Amino acid sequence: RCDRGTMASALLSTDDGFPTQSSRQQHDTERSVLETIQKNMKNPTIVDLDSSSPGASELPVLLREKHISFLLEGLEQLSGSYACLDASRPWLCYWILHSLAILDADVPPALLSRAAKFLGKCQASSGGFCGGPGQLPHLAPTFAAVNALATIATPEAIAIIDRPALLSFLLSMKDPSGGFTMHLGGEVDVRGSYCALNAAFIAGVLTPELQQGCADYIVQCQTYEGGMGGEPGNEAHG
């Protein structure tokens, strides 16, 4: 019977007889990952930090409590090194809150309330969310903010989303191609489709008008390789 390790070996990439620097790097990376998979397949025991079982030090261990402590500290305040992400502040909230939810962490209600209020300050009066208070509304932070508020999931957090204004903003971002522009005068690509449709679905404003032409645009992003490009005509990308 073919085990998962053997199946993983079958998925290794090939350079079709034309090796390049990037194909060699890809091969080295895949081999490193495969060795880890095969090693853990031989001894798949899940261990705790204080485990003394044989081979425990060789197994990957999720430092759950340390991750939670780090995330809670980050939700309160980040260091100056994060200043370069000033236009991505809803994303920081989303990444932290989503990670805490995955880790099933107990987050103080007061901290969740402050996070929700901050995201409210990132909401544009015309609809949609900005990368930070007073910035330009953009589909990427709109996705992040809506999903962060949905992750908090308190009545206070859900009520912050101005649903009529959000729908108006999303409709204003629609492009004649069926896709969405990321912001006023911005680029049109499949990220826009995902961000807009996801935010609309989560907020309960996914109307037929908003969906019109979306599937056709996404199909145009499909390539002969079988994947999807960022926009029609681009190579497939993960």
# chains A, B, ... in the order shown; residues from 1 in each chain; ligands from 1
call {"tool": "select_by_dssp", "arguments": {"residues": "range 59-237 of chain A", "states": "helix (DSSP H, G or I)", "output": "VMD selection string"}}
result
chain A and resid 64 to 76 80 to 102 109 to 121 139 to 152 155 to 160 163 to 172 190 to 203 208 to 211 214 to 220
call {"tool": "closest_atom_pairs", "arguments": {"of": "range 103-150 of chain A", "to": "range 65-71 of chain A", "cutoff": "9 Å", "atoms": "only C-alpha atoms", "output": "tab-separated table"}}
result
residue	atom	partner	partner_atom	distance
A:Leu103	CA	A:Ile68	CA	7.4
A:Ala105	CA	A:Ile68	CA	6.7
A:Asp106	CA	A:Ile68	CA	9.0
call {"tool": "write_last_selection", "arguments": {"atoms": "N, CA and C atoms", "output": "PDB file, in the first residue's frame"}}
result
ATOM      1  N   LEU A 103      -5.781  28.804  18.198  1.00  0.00           N
ATOM      2  CA  LEU A 103      -5.154  28.256  19.407  1.00  0.00           C
ATOM      3  C   LEU A 103      -6.147  28.111  20.558  1.00  0.00           C
ATOM      4  N   ALA A 105      -7.522  30.335  22.419  1.00  0.00           N
ATOM      5  CA  ALA A 105      -7.029  31.110  23.548  1.00  0.00           C
ATOM      6  C   ALA A 105      -8.153  31.902  24.219  1.00  0.00           C
ATOM      7  N   ASP A 106      -8.011  32.124  25.496  1.00  0.00           N
ATOM      8  CA  ASP A 106      -8.942  32.982  26.236  1.00  0.00           C
ATOM      9  C   ASP A 106      -8.436  34.422  26.143  1.00  0.00           C
TER      10      ASP A 106
END
call {"tool": "residues_around", "arguments": {"residues": "range 207-214 of chain A", "least_positions_apart": "3", "cutoff": "10 Å", "atoms": "only C-alpha atoms", "output": "ChimeraX atom specification"}}
result
/A:167-168,170-180,190,193-194,196-197,200-201,204,217-219
call {"tool": "residues_around", "arguments": {"residues": "range 118-128 of chain A", "least_positions_apart": "4", "cutoff": "8 Å", "atoms": "only C-alpha atoms", "output": "number ranges by chain"}}
result
A: 90, 114, 132-139, 142, 145, 149, 160-162, 164-170
call {"tool": "closest_residue", "arguments": {"among": "A:Leu62, A:Met182, A:Val188, A:Leu78", "to": "Glu231 in chain A", "atoms": "only C-alpha atoms"}}
result
A:Val188
call {"tool": "atom_distance", "arguments": {"atom1": "CA of His183 in chain A", "atom2": "CA of Cys195 in chain A"}}
result
11.5 Å
